[in-house]
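Trainee: Take a look at my_file_10.txt, compact mmCIF, C-alpha atoms:
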# COMPACT_ATOMS: atom_id res chain seq x y z
CA MET G 18 -130.38 137.52 -33.11
CA SER G 19 -131.38 133.90 -33.22
CA LEU G 20 -129.45 133.25 -36.41
CA GLY G 21 -128.31 129.67 -36.83
CA LYS G 22 -130.52 128.05 -34.20
CA PRO G 23 -132.76 125.35 -35.66
CA LEU G 24 -136.52 125.54 -35.35
CA ASN G 25 -137.76 124.10 -32.06
CA LEU G 26 -140.93 122.17 -31.42
CA ARG G 27 -142.82 125.19 -30.09
CA GLU G 28 -142.13 127.17 -33.25
CA ILE G 29 -142.98 124.24 -35.48
CA VAL G 30 -146.30 123.67 -33.73
CA VAL G 31 -147.18 127.36 -33.93
CA MET G 32 -146.30 127.39 -37.63
CA ALA G 33 -148.38 124.27 -38.15
CA PHE G 34 -151.38 125.82 -36.39
CA ILE G 35 -151.12 129.08 -38.36
CA SER G 36 -150.68 127.11 -41.56
CA ALA G 37 -153.66 124.95 -40.65
CA VAL G 38 -155.84 128.04 -40.35
CA PHE G 39 -154.50 129.20 -43.71
CA GLY G 40 -154.90 125.66 -45.05
CA VAL G 41 -158.62 125.82 -44.30
CA LEU G 42 -158.77 129.19 -46.03
CA TYR G 43 -156.76 127.77 -48.96
CA LEU G 44 -159.46 125.17 -49.52
CA LEU G 45 -162.04 127.94 -49.83
CA TRP G 46 -159.58 129.83 -52.00
CA ILE G 47 -158.88 126.98 -54.40
CA PHE G 48 -162.58 126.63 -55.08
CA LEU G 49 -162.91 130.34 -55.86
CA ASN G 50 -159.63 130.11 -57.76
CA GLN G 51 -160.97 127.44 -60.05
CA ILE G 52 -164.07 129.40 -60.91
CA VAL G 53 -162.05 132.56 -61.65
CA THR G 54 -159.48 130.53 -63.61
CA GLY G 55 -162.19 128.76 -65.56
CA VAL G 56 -163.74 132.04 -66.60
CA LEU G 57 -160.67 134.26 -67.04
CA GLY G 58 -158.17 131.52 -67.81
CA PRO G 59 -154.82 131.08 -66.05
CA VAL G 60 -154.30 134.87 -66.27
CA GLY G 61 -157.10 135.55 -63.81
CA GLY G 62 -155.82 132.74 -61.61
CA GLY G 63 -152.51 134.58 -61.46
CA LEU G 64 -154.15 137.48 -59.64
CA MET G 65 -154.94 135.20 -56.72
CA ALA G 66 -151.62 133.35 -56.60
CA GLY G 67 -150.17 135.64 -53.90
CA PHE G 68 -152.50 134.17 -51.32
CA TRP G 69 -150.54 130.91 -51.44
CA ILE G 70 -147.40 132.67 -50.22
CA LEU G 71 -149.15 134.22 -47.21
CA ALA G 72 -148.27 131.40 -44.80
CA PRO G 73 -144.48 131.45 -45.40
CA VAL G 74 -144.29 135.25 -45.30
CA VAL G 75 -146.26 135.51 -42.06
CA CYS G 76 -144.37 132.65 -40.38
CA ALA G 77 -140.95 133.94 -41.48
CA LEU G 78 -141.82 137.40 -40.16
CA ILE G 79 -143.01 136.03 -36.82
CA ILE G 80 -140.22 133.54 -36.19
CA GLN G 81 -137.31 135.15 -38.09
CA LYS G 82 -135.17 132.04 -38.33
CA PRO G 83 -133.56 130.27 -41.29
CA GLY G 84 -135.88 127.69 -42.84
CA ALA G 85 -139.06 129.16 -41.38
CA ALA G 86 -140.55 130.18 -44.75
CA LEU G 87 -139.85 126.83 -46.42
CA ALA G 88 -141.03 124.83 -43.42
CA ALA G 89 -144.21 126.90 -43.13
CA GLN G 90 -145.07 126.38 -46.78
CA MET G 91 -144.40 122.63 -46.63
CA ILE G 92 -146.47 122.34 -43.45
CA ALA G 93 -149.30 124.28 -45.11
CA ALA G 94 -149.15 121.96 -48.11
CA GLY G 95 -149.00 118.89 -45.85
CA THR G 96 -152.00 120.06 -43.85
CA GLU G 97 -153.90 120.72 -47.04
CA VAL G 98 -153.22 117.18 -48.22
CA MET G 99 -154.35 115.79 -44.85
CA VAL G 100 -157.61 117.74 -45.08
CA GLY G 101 -158.16 116.15 -48.48
CA SER G 102 -157.10 118.46 -51.27
CA VAL G 103 -158.32 117.41 -54.69
CA ASN G 104 -154.94 118.30 -56.15
CA ALA G 105 -152.53 116.77 -53.63
CA GLY G 106 -149.64 116.09 -56.01
CA ALA G 107 -149.55 119.59 -57.48
CA VAL G 108 -150.05 121.12 -54.03
CA LEU G 109 -146.99 119.35 -52.61
CA LEU G 110 -144.76 120.25 -55.55
CA LEU G 111 -145.92 123.87 -55.53
CA GLY G 112 -145.48 123.99 -51.77
CA LEU G 113 -141.85 122.99 -52.12
CA THR G 114 -141.00 125.41 -54.93
CA GLN G 115 -142.95 128.34 -53.47
CA GLY G 116 -141.38 127.80 -50.09
CA LEU G 117 -137.92 127.73 -51.65
CA GLY G 118 -138.71 130.89 -53.61
CA ALA G 119 -139.71 132.85 -50.52
CA GLU G 120 -136.90 131.37 -48.43
CA LEU G 121 -134.32 132.46 -50.99
CA ILE G 122 -135.13 136.15 -50.47
CA PHE G 123 -134.91 135.96 -46.68
CA ALA G 124 -131.60 134.12 -47.06
CA LEU G 125 -130.27 136.85 -49.39
CA PHE G 126 -130.91 139.36 -46.61
CA LEU G 127 -129.17 137.00 -44.14
CA TYR G 128 -132.39 136.55 -42.15
CA ARG G 129 -131.92 140.03 -40.64
CA ASN G 130 -134.21 142.23 -42.67
CA TYR G 131 -137.97 141.75 -42.40
CA ARG G 132 -139.16 145.15 -43.60
CA LEU G 133 -142.04 145.56 -46.05
CA PRO G 134 -139.93 145.68 -49.26
CA VAL G 135 -138.22 142.41 -48.33
CA LEU G 136 -141.56 140.78 -47.54
CA MET G 137 -142.96 141.97 -50.87
CA LEU G 138 -139.89 140.65 -52.64
CA ALA G 139 -140.31 137.31 -50.87
CA GLY G 140 -143.94 137.20 -51.97
CA MET G 141 -142.94 137.98 -55.56
CA SER G 142 -140.19 135.38 -55.51
CA GLY G 143 -142.69 132.85 -54.17
CA THR G 144 -145.22 133.55 -56.93
CA PHE G 145 -142.40 133.50 -59.49
CA ALA G 146 -141.47 130.00 -58.31
CA ASN G 147 -145.14 129.09 -58.55
CA PHE G 148 -145.18 130.41 -62.13
CA LEU G 149 -142.11 128.39 -63.14
CA THR G 150 -143.55 125.21 -61.65
CA GLN G 151 -146.89 125.67 -63.37
CA TYR G 152 -145.12 126.57 -66.62
CA VAL G 153 -143.49 123.14 -66.64
CA MET G 154 -146.35 121.20 -65.08
CA TYR G 155 -149.25 122.52 -67.16
CA GLY G 156 -147.32 123.14 -70.40
CA TYR G 157 -147.48 126.94 -70.63
CA SER G 158 -144.85 126.77 -73.39
CA GLN G 159 -147.74 126.02 -75.77
CA TYR G 160 -149.28 129.47 -75.32
CA GLU G 161 -148.55 132.78 -77.00
CA THR G 162 -145.51 134.46 -75.43
CA MET G 163 -147.36 137.66 -74.65
CA ILE G 164 -150.08 135.98 -72.63
CA VAL G 165 -147.47 134.06 -70.61
CA TRP G 166 -145.66 137.29 -69.77
CA PHE G 167 -148.96 138.86 -68.82
CA MET G 168 -149.67 135.91 -66.55
CA LEU G 169 -146.29 136.31 -64.89
CA GLY G 170 -146.95 140.02 -64.40
CA THR G 171 -150.28 139.50 -62.64
CA MET G 172 -148.71 136.84 -60.44
CA LEU G 173 -145.86 139.11 -59.38
CA VAL G 174 -148.26 141.95 -58.51
CA SER G 175 -150.38 139.50 -56.57
CA GLY G 176 -147.31 138.19 -54.72
CA ALA G 177 -146.23 141.67 -53.68
CA LEU G 178 -149.69 142.77 -52.53
CA LEU G 179 -151.49 139.66 -51.30
CA ALA G 180 -148.47 137.98 -49.76
CA GLY G 181 -146.08 140.81 -48.85
CA TRP G 182 -148.30 143.72 -47.95
CA ALA G 183 -151.28 141.77 -46.58
CA GLY G 184 -148.91 139.41 -44.77
CA GLN G 185 -147.26 142.28 -42.94
CA ALA G 186 -150.59 143.90 -42.08
CA LEU G 187 -151.86 140.60 -40.70
CA SER G 188 -148.72 139.92 -38.66
CA TYR G 189 -148.66 143.38 -37.07
CA ALA G 190 -152.35 143.15 -36.24
CA LEU G 191 -151.54 139.84 -34.57
CA VAL G 192 -148.63 141.31 -32.58
CA ARG G 193 -150.92 143.89 -31.02
CA THR G 194 -153.03 141.11 -29.50
CA GLY G 195 -150.00 140.04 -27.46
CA VAL G 196 -150.03 136.35 -28.42
CA LEU G 197 -146.67 136.63 -30.17
CA ASN G 198 -144.72 137.92 -27.15
CA ASN G 199 -142.66 134.72 -27.03
CA PHE G 200 -141.53 135.08 -30.65
CA ALA G 201 -139.00 137.23 -32.44
CA LEU G 202 -141.53 139.67 -33.88
CA GLY G 203 -143.42 140.03 -30.60
CA ARG G 204 -140.19 140.60 -28.64
CA SER G 205 -138.96 143.35 -30.95
CA TYR G 206 -142.38 145.02 -30.86
CA TYR G 207 -142.48 144.86 -27.07
CA GLN G 208 -138.96 146.28 -26.83
CA LYS G 209 -139.82 149.18 -29.10
CA LYS G 210 -142.89 149.96 -27.04
CA MET G 211 -140.89 149.96 -23.80
CA GLU G 212 -138.33 152.34 -25.29
CA GLU G 213 -141.05 154.69 -26.44
CA SER G 214 -142.76 154.81 -23.07
CA ALA G 215 -139.48 155.24 -21.15
CA MET V 17 -167.67 111.14 -46.86
CA ILE V 18 -163.94 111.14 -47.59
CA GLU V 19 -163.13 109.52 -44.23
CA GLN V 20 -165.52 106.69 -44.94
CA TYR V 21 -163.56 105.79 -48.09
CA GLN V 22 -160.20 106.25 -46.36
CA ARG V 23 -161.14 103.56 -43.81
CA LYS V 24 -162.57 101.11 -46.34
CA GLU V 25 -160.98 97.65 -46.54
CA ALA V 26 -160.02 97.77 -50.20
CA PHE V 27 -156.68 97.08 -51.87
CA LEU V 28 -155.45 100.65 -52.31
CA GLN V 29 -156.16 101.47 -48.66
CA HIS V 30 -153.58 98.86 -47.63
CA VAL V 31 -150.77 100.21 -49.77
CA ASN V 32 -148.06 102.16 -47.98
CA PRO V 33 -148.93 105.92 -48.03
CA SER V 34 -145.37 106.96 -48.91
CA LEU V 35 -145.40 104.68 -51.95
CA LYS V 36 -148.71 106.12 -53.14
CA LEU V 37 -147.40 109.64 -52.65
CA ILE V 38 -144.29 108.88 -54.70
CA SER V 39 -146.49 107.41 -57.45
CA VAL V 40 -148.44 110.71 -57.63
CA LEU V 41 -145.25 112.74 -58.08
CA PHE V 42 -143.96 110.21 -60.61
CA ILE V 43 -147.11 110.50 -62.71
CA ILE V 44 -146.70 114.28 -62.81
CA ALA V 45 -143.11 113.86 -64.03
CA VAL V 46 -144.18 111.31 -66.68
CA MET V 47 -146.90 113.59 -68.07
CA ILE V 48 -144.73 116.70 -68.48
CA PRO V 49 -143.31 115.93 -71.97
CA VAL V 50 -146.67 114.72 -73.33
CA PHE V 51 -148.57 117.07 -75.66
CA ASP V 52 -151.02 114.75 -77.43
CA PRO V 53 -154.56 114.37 -76.07
CA TRP V 54 -154.80 110.56 -76.25
CA THR V 55 -152.16 109.54 -73.71
CA PRO V 56 -153.66 111.57 -70.85
CA LEU V 57 -157.13 110.40 -71.88
CA VAL V 58 -156.13 106.75 -71.58
CA LEU V 59 -154.31 107.38 -68.31
CA PHE V 60 -157.32 109.26 -66.93
CA ALA V 61 -159.63 106.36 -67.78
CA ALA V 62 -157.20 103.88 -66.19
CA THR V 63 -156.98 106.00 -63.04
CA VAL V 64 -160.73 106.28 -62.66
CA LEU V 65 -160.97 102.51 -63.15
CA MET V 66 -158.31 101.91 -60.48
CA ILE V 67 -159.97 104.22 -57.94
CA THR V 68 -163.39 102.65 -58.38
CA SER V 69 -162.32 99.00 -58.58
CA LEU V 70 -159.26 98.86 -56.30
CA GLY V 71 -160.23 101.68 -53.94
CA GLY V 72 -163.95 100.92 -53.65
CA VAL V 73 -164.94 104.53 -54.31
CA SER V 74 -168.30 105.10 -56.00
CA LEU V 75 -168.00 106.51 -59.51
CA ARG V 76 -170.63 109.17 -58.83
CA PHE V 77 -168.77 110.56 -55.83
CA LEU V 78 -165.49 110.58 -57.75
CA LEU V 79 -166.94 112.45 -60.72
CA LEU V 80 -168.59 114.93 -58.37
CA LEU V 81 -165.18 115.74 -56.85
CA LEU V 82 -163.66 116.11 -60.32
CA LEU V 83 -166.41 118.40 -61.57
CA PRO V 84 -164.73 121.72 -60.66
CA PHE V 85 -161.61 120.43 -62.37
CA VAL V 86 -163.45 119.98 -65.64
CA LEU V 87 -164.05 123.72 -65.69
CA PHE V 88 -160.37 124.31 -64.90
CA ALA V 89 -159.39 121.88 -67.68
CA PHE V 90 -161.69 123.60 -70.13
CA SER V 91 -159.93 126.93 -69.59
CA PHE V 92 -156.80 125.35 -71.08
CA VAL V 93 -158.71 124.59 -74.28
CA TRP V 94 -160.11 128.05 -74.91
CA ILE V 95 -156.89 129.86 -73.94
CA GLN V 96 -155.02 127.58 -76.32
CA VAL V 97 -157.49 128.33 -79.11
CA VAL V 98 -157.40 132.10 -78.60
CA PHE V 99 -153.74 132.57 -77.66
CA PRO V 100 -151.70 129.72 -79.16
CA ASP V 101 -147.92 129.64 -79.41
CA GLU V 102 -148.29 128.53 -83.04
CA ARG V 103 -151.61 128.65 -84.84
CA GLY V 104 -152.37 125.36 -86.62
CA SER V 105 -153.23 125.18 -90.35
CA THR V 106 -156.26 122.87 -90.26
CA VAL V 107 -159.05 125.37 -89.72
CA LEU V 108 -162.20 123.78 -88.33
CA PHE V 109 -164.39 126.86 -88.23
CA SER V 110 -164.09 130.56 -87.44
CA ILE V 111 -165.51 132.62 -84.61
CA GLY V 112 -165.80 136.09 -86.10
CA SER V 113 -162.45 136.71 -87.74
CA MET V 114 -160.62 134.21 -85.55
CA PRO V 115 -159.92 130.79 -87.07
CA VAL V 116 -160.16 127.77 -84.77
CA ALA V 117 -157.52 125.23 -85.75
CA LEU V 118 -157.73 121.52 -85.05
CA GLU V 119 -154.13 121.41 -83.83
CA ASN V 120 -154.79 124.02 -81.17
CA VAL V 121 -157.95 122.33 -79.96
CA LEU V 122 -156.01 119.07 -79.62
CA ILE V 123 -153.15 120.68 -77.70
CA GLY V 124 -155.63 122.48 -75.47
CA MET V 125 -157.41 119.21 -74.81
CA SER V 126 -154.10 117.57 -74.04
CA LEU V 127 -153.20 120.20 -71.44
CA GLY V 128 -156.70 120.09 -69.99
CA MET V 129 -156.64 116.30 -69.76
CA ARG V 130 -153.23 116.54 -68.13
CA ALA V 131 -154.70 118.70 -65.36
CA LEU V 132 -157.47 116.12 -64.94
CA VAL V 133 -154.92 113.30 -64.72
CA PHE V 134 -153.04 115.13 -61.96
CA ALA V 135 -156.29 115.66 -60.09
CA SER V 136 -157.46 112.07 -60.46
CA TRP V 137 -154.13 110.61 -59.29
CA SER V 138 -154.19 112.97 -56.34
CA LEU V 139 -157.67 111.67 -55.55
CA LEU V 140 -156.40 108.11 -55.80
CA PHE V 141 -154.02 109.06 -53.02
CA VAL V 142 -156.28 111.27 -50.92
CA LEU V 143 -159.39 109.06 -51.01
CA THR V 144 -157.51 105.94 -49.92
CA THR V 145 -155.10 107.31 -47.31
CA GLU V 146 -155.87 108.13 -43.69
CA PRO V 147 -154.06 111.35 -42.71
CA THR V 148 -152.65 109.81 -39.52
CA LYS V 149 -151.22 106.87 -41.43
CA LEU V 150 -149.68 109.24 -43.95
CA MET V 151 -147.83 111.15 -41.24
CA LEU V 152 -146.70 107.97 -39.46
CA SER V 153 -145.46 106.58 -42.74
CA LEU V 154 -143.60 109.80 -43.56
CA ILE V 155 -141.92 109.69 -40.14
CA GLN V 156 -141.12 105.97 -40.28
CA GLN V 157 -140.32 105.42 -43.95
CA CYS V 158 -139.22 108.82 -45.26
CA LYS V 159 -137.36 109.87 -42.07
CA LEU V 160 -139.34 113.09 -41.68
CA PRO V 161 -138.20 114.60 -38.34
CA PRO V 162 -140.91 113.65 -35.77
CA ARG V 163 -141.11 117.30 -34.67
CA PHE V 164 -142.62 118.18 -38.06
CA GLY V 165 -144.78 115.08 -38.36
CA TYR V 166 -146.34 115.32 -34.91
CA GLY V 167 -146.65 119.10 -35.22
CA MET V 168 -148.72 118.70 -38.37
CA MET V 169 -150.79 115.93 -36.78
CA ALA V 170 -151.56 118.18 -33.80
CA ALA V 171 -152.64 121.00 -36.12
CA TYR V 172 -154.79 118.57 -38.11
CA ARG V 173 -156.55 117.46 -34.90
CA PHE V 174 -157.44 121.06 -34.12
CA LEU V 175 -159.10 121.80 -37.47
CA PRO V 176 -162.66 121.04 -36.28
CA THR V 177 -162.00 123.32 -33.28
CA PHE V 178 -161.00 126.14 -35.61
CA GLN V 179 -164.20 125.74 -37.57
CA GLN V 180 -166.22 125.83 -34.37
CA GLU V 181 -164.36 128.91 -33.21
CA LEU V 182 -165.07 130.66 -36.48
CA LYS V 183 -168.76 130.06 -35.82
CA GLN V 184 -168.42 131.44 -32.29
CA ILE V 185 -166.61 134.57 -33.44
CA ARG V 186 -169.22 135.13 -36.11
CA LYS V 187 -172.06 134.85 -33.60
CA ALA V 188 -170.28 137.07 -31.08
CA HIS V 189 -169.90 139.74 -33.73
CA LYS V 190 -173.54 139.41 -34.73
CA ILE V 191 -174.77 139.87 -31.15
CA ARG V 192 -172.84 143.12 -31.02
CA GLY V 193 -174.39 144.29 -34.25
CA LEU V 194 -171.38 143.64 -36.50
CA GLY V 195 -170.92 141.35 -39.44
CA THR V 196 -173.43 142.62 -41.93
CA ASN V 197 -170.89 144.44 -44.11
CA SER V 198 -169.06 143.04 -47.11
CA LYS V 199 -167.69 139.50 -46.96
CA TRP V 200 -164.11 140.64 -47.46
CA ARG V 201 -164.18 142.93 -44.41
CA ASN V 202 -165.79 140.21 -42.34
CA ALA V 203 -163.03 137.80 -43.30
CA LYS V 204 -160.44 140.29 -42.05
CA ARG V 205 -162.27 140.70 -38.75
CA TYR V 206 -162.52 136.95 -38.24
CA ALA V 207 -158.95 136.14 -39.23
CA ILE V 208 -157.16 137.95 -36.37
CA PRO V 209 -159.03 136.40 -33.42
CA LEU V 210 -158.95 133.02 -35.15
CA ILE V 211 -155.19 133.07 -35.66
CA ALA V 212 -154.56 134.59 -32.21
CA GLY V 213 -156.54 131.74 -30.67
CA ALA V 214 -154.63 129.26 -32.80
CA VAL V 215 -151.25 130.62 -31.61
CA ARG V 216 -152.32 130.37 -27.95
CA LYS V 217 -153.51 126.79 -28.39
CA ALA V 218 -150.35 125.93 -30.29
CA GLU V 219 -148.11 127.08 -27.44
CA ARG V 220 -150.01 125.04 -24.87
CA THR V 221 -150.01 121.99 -27.12
CA ALA V 222 -146.29 122.37 -27.73
CA VAL V 223 -145.55 122.41 -23.98
CA ALA V 224 -147.61 119.24 -23.53
CA MET V 225 -145.85 117.59 -26.46
CA GLU V 226 -142.41 118.56 -25.21
CA SER V 227 -143.09 117.10 -21.79
CA LYS V 228 -144.04 113.80 -23.40
CA GLY V 229 -140.97 113.67 -25.63
CA PHE V 230 -142.62 114.28 -28.97
CA ASP V 231 -139.88 116.71 -29.99
CA GLY V 232 -137.53 113.96 -31.12
CA SER V 233 -135.08 114.52 -28.26
CA ARG V 234 -135.86 111.09 -26.87
CA ASN V 235 -136.01 107.89 -28.85
CA ARG V 236 -139.73 107.24 -28.79
CA GLN V 237 -141.25 104.02 -30.05
CA PHE V 238 -144.36 103.90 -32.21
CA TYR V 239 -147.73 102.52 -31.13
CA HIS V 240 -148.67 101.99 -34.78
CA THR V 241 -145.82 100.79 -36.94
CA ILE V 242 -146.28 101.01 -40.68
CA THR V 243 -144.34 98.44 -42.64
CA TRP V 244 -143.90 97.32 -46.21
CA ASN V 245 -146.05 94.33 -47.17
CA LYS V 246 -147.00 92.35 -50.25
CA ASN V 247 -149.68 94.88 -51.20
CA ASP V 248 -146.92 97.41 -51.78
CA ALA V 249 -145.08 95.03 -54.11
CA LEU V 250 -148.33 94.38 -55.96
CA PHE V 251 -149.07 98.09 -56.27
CA LEU V 252 -145.55 98.78 -57.49
CA LEU V 253 -145.89 96.03 -60.10
CA LEU V 254 -149.25 97.42 -61.22
CA PHE V 255 -147.87 100.93 -61.38
CA ILE V 256 -144.80 99.95 -63.40
CA SER V 257 -146.90 97.96 -65.87
CA LEU V 258 -149.31 100.89 -66.19
CA VAL V 259 -146.52 103.35 -66.98
CA ALA V 260 -144.80 100.83 -69.30
CA SER V 261 -147.98 100.13 -71.27
CA LEU V 262 -148.63 103.84 -71.49
CA ILE V 263 -145.19 104.44 -72.98
CA THR V 264 -145.69 101.58 -75.46
CA PHE V 265 -149.09 102.96 -76.39
CA ARG V 266 -147.60 106.38 -77.01
CA TRP V 267 -144.75 104.91 -79.01
CA ALA V 268 -147.19 102.94 -81.19
CA LEU V 269 -149.33 106.04 -81.67
CA LEU V 270 -146.59 108.36 -82.89
What do you get writing this file as structure tokens?
Mentor:
Amino acid sequence: MSLGKPLNLREIVVMAFISAVFGVLYLLWIFLNQIVTGVLGPVGGGLMAGFWILAPVVCALIIQKPGAALAAQMIAAGTEVMVGSVNAGAVLLLGLTQGLGAELIFALFLYRNYRLPVLMLAGMSGTFANFLTQYVMYGYSQYETMIVWFMLGTMLVSGALLAGWAGQALSYALVRTGVLNNFALGRSYYQKKMEESA
Amino acid sequence: MIEQYQRKEAFLQHVNPSLKLISVLFIIAVMIPVFDPWTPLVLFAATVLMITSLGGVSLRFLLLLLLPFVLFAFSFVWIQVVFPDERGSTVLFSIGSMPVALENVLIGMSLGMRALVFASWSLLFVLTTEPTKLMLSLIQQCKLPPRFGYGMMAAYRFLPTFQQELKQIRKAHKIRGLGTNSKWRNAKRYAIPLIAGAVRKAERTAVAMESKGFDGSRNRQFYHTITWNKNDALFLLLFISLVASLITFRWALL
């Protein structure tokens, strides 16, 4: 395994490009997010929170190196700011905490396990970090305890499904195109295929 | 539209991007313990004034950008009224059997205004900072590893290409009789080719960048150097006096 090697330029550029594509999608998402949040309140917004963790989960799965999830999330946030996000300050802070949240899970599994449950856990941890940040930043302590718990619940579900499950589906669909053959995920997929055909 | 403001020759455009970025994060930290509606209101007004006068941004354009945030801010008010941590005692009026208390409306307004303050300070940064300058400043002043900085800059340069490719993919699908289903399914069908194309381009770009020493292995010089100047000192002074007067105002209020 490539444990311990730092990220090289090729991996960083690939992460940046993937994050940029997500960054463009984020901008569409944040617009939709605001409408849903405005109507349903922060609870409805929680349902969509998992989408923010998609970039770190996908990049960590593809590259499988320490720091990939955090770097991917920071790059996604940075790209979003460059494109001209209306909420640059919050985006950067959330990028840092969400990235740390997802990274923590991969670190707990020593960067060796990238199965679906781990990815879902990483997504949930990412949305949990998002929740904590927003709790402090937007003063959620002023709301009824029940509604805050409910908000957390929707965010965790969203993290598991939108980030973990959808992230894995997306990554494996990408592997089949063959563009990832130079990366950890592509190599392991290729190896498995060779063994099966032999 | 945004680019046109970013290149304008106004005061805020000449302040170091890193300094402006730090000021945004600082404002967020300052606002966290505030739960009265007046402090964020005053700060919001001051920010709008700064963006229009020192950044040369038209008020109409600024308010247009903030419009979606007003809706977002409003959600804080109604959630606070319906689901408060503590229901206030000064009942203004009742909706059905639910009393609407003045205290809760005020707290809701405070949280809503806080979200607006965050958005407006972010706009102060975004509308007056060229993305390239931001990255160069982060590399030169904040010691961001050049691998990350130039990687992000490369991705940023490719954004228009991605948009064009999305159009191409959409048309290609249409010619073959696809793409009339639900939006969600379309998005899934577009995402894979778009990302696959992005990964291919990224690898080629990375090879080109490596060969020219952009990976930080060689000690490259900068064509554009970003330095500290007297505008930064002026901005810092302005920022400190703004925060100080805000704290005094709050202290006098309570």
Trainee: Between atom CA of Lys209 of chain G and atom CA of Leu197 of chain G, what is the distance in Å, rounded to a tenth?
Mentor: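 Interatomic distance, atom CA of Lys209 of chain G to atom CA of Leu197 of chain G: 14.3 Å.
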Trainee: Which is closer to Phe178 of chain V than all the others in G:Val100, G:Ala37, G:Ala201, G:Ala146, using only C-alpha atoms?
Mentor: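 Selected residue with least distance to Phe178 of chain V: G:Ala37.
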Trainee: For each of V:Val116, V:Val98, V:Ile38, V:Ala207, take the minimum atom-to-atom distance to Tyr160 of chain G, counting all atoms listed in the file, then give the residue where this is smallest.
Mentor: V:Val98
Trainee: Out of G:Ile92, G:Leu78, G:Met65, G:Ala186, which residue has the shortest atom-to-atom distance to chain V when counting all atoms listed in the file?
Mentor: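 Answer, going by the shortest atom-to-atom distance: G:Ile92.
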Trainee: Which distance in Å separates atom CA of Arg205 of chain V and atom CA of Ser102 of chain G, to one decimal?
Mentor: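 Interatomic distance here is 26.0 Å.
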Trainee: Could you list the residues in chain V lying within 6 Å of chain G, using all atoms listed in the file, and format the result as a list of chain:residue names?
Mentor: V:Val40, V:Leu41, V:Ile48, V:Leu87, V:Phe88, V:Ser91, V:Phe99, V:Pro100, V:Asp101, V:Ala135, V:Ser138, V:Leu139, V:Val142, V:Pro147, V:Arg163, V:Gly167, V:Met168, V:Ala171, V:Ala214, V:Val215, V:Ala218, V:Ala222, V:Asp231
Trainee: Write the selection just made, keeping C-alpha atoms, as an mmCIF file, in the frame of the given file?
Mentor:
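Wrote part_17.cif, looks like this:
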data_model
loop_
_atom_site.group_PDB
_atom_site.id
_atom_site.type_symbol
_atom_site.label_atom_id
_atom_site.label_comp_id
_atom_site.auth_asym_id
_atom_site.auth_seq_id
_atom_site.Cartn_x
_atom_site.Cartn_y
_atom_site.Cartn_z
ATOM 1 C CA VAL V 40 -148.440 110.710 -57.630
ATOM 2 C CA LEU V 41 -145.250 112.740 -58.080
ATOM 3 C CA ILE V 48 -144.730 116.700 -68.480
ATOM 4 C CA LEU V 87 -164.050 123.720 -65.690
ATOM 5 C CA PHE V 88 -160.370 124.310 -64.900
ATOM 6 C CA SER V 91 -159.930 126.930 -69.590
ATOM 7 C CA PHE V 99 -153.740 132.570 -77.660
ATOM 8 C CA PRO V 100 -151.700 129.720 -79.160
ATOM 9 C CA ASP V 101 -147.920 129.640 -79.410
ATOM 10 C CA ALA V 135 -156.290 115.660 -60.090
ATOM 11 C CA SER V 138 -154.190 112.970 -56.340
ATOM 12 C CA LEU V 139 -157.670 111.670 -55.550
ATOM 13 C CA VAL V 142 -156.280 111.270 -50.920
ATOM 14 C CA PRO V 147 -154.060 111.350 -42.710
ATOM 15 C CA ARG V 163 -141.110 117.300 -34.670
ATOM 16 C CA GLY V 167 -146.650 119.100 -35.220
ATOM 17 C CA MET V 168 -148.720 118.700 -38.370
ATOM 18 C CA ALA V 171 -152.640 121.000 -36.120
ATOM 19 C CA ALA V 214 -154.630 129.260 -32.800
ATOM 20 C CA VAL V 215 -151.250 130.620 -31.610
ATOM 21 C CA ALA V 218 -150.350 125.930 -30.290
ATOM 22 C CA ALA V 222 -146.290 122.370 -27.730
ATOM 23 C CA ASP V 231 -139.880 116.710 -29.990
#
Trainee: Report, in Å to a single decimal, how far apart atom CA of Ile70 of chain G and atom CA of Ser34 of chain V are.
Mentor: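 Atom CA of Ser34 of chain V sits 25.8 Å away from atom CA of Ile70 of chain G.
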Trainee: Looking at only C-alpha atoms, which of G:Gly84, G:Ser205, G:Leu111, G:Phe148 is the one that sits closest to Phe123 of chain G?
Mentor: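 Of the candidates, the smallest distance to Phe123 of chain G is held by G:Gly84.
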Trainee: In the coordinate frame of the file, compute which residues have an atom within 12 Å of (-134.5, 139.5, -40.9) when using all atoms listed in the file, and state them as a ChimeraX atom specification.
Mentor: /G:18-20,74,77-83,85-86,120,122-136,139,201-202,205
Trainee: Please identify all polymer residues within 8 Å of Val133 of chain V, counting all atoms listed in the file, omitting same-chain residues fewer than 2 positions from it, and present them as a list of chain:residue names.
Mentor: V:Pro56, V:Leu59, V:Phe60, V:Thr63, V:Met129, V:Arg130, V:Ala131, V:Ala135, V:Ser136, V:Trp137
Trainee: So, counting only C-alpha atoms, which residue among V:Leu127, V:Leu252, V:Met169, V:Leu175 is closest to Leu28 of chain V?
Mentor: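 Closest candidate: V:Leu252.
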Trainee: Show which residues sit within 9 Å of Val93 of chain V, as a list of chain:residue names. Count all atoms listed in the file, and ignore same-chain residues fewer than 6 positions away.
Mentor: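 Surrounding residues, per the criterion: V:Asn120, V:Val121, V:Leu122, V:Ile123, V:Gly124, V:Met125, V:Ser126, V:Leu127, V:Gly128.
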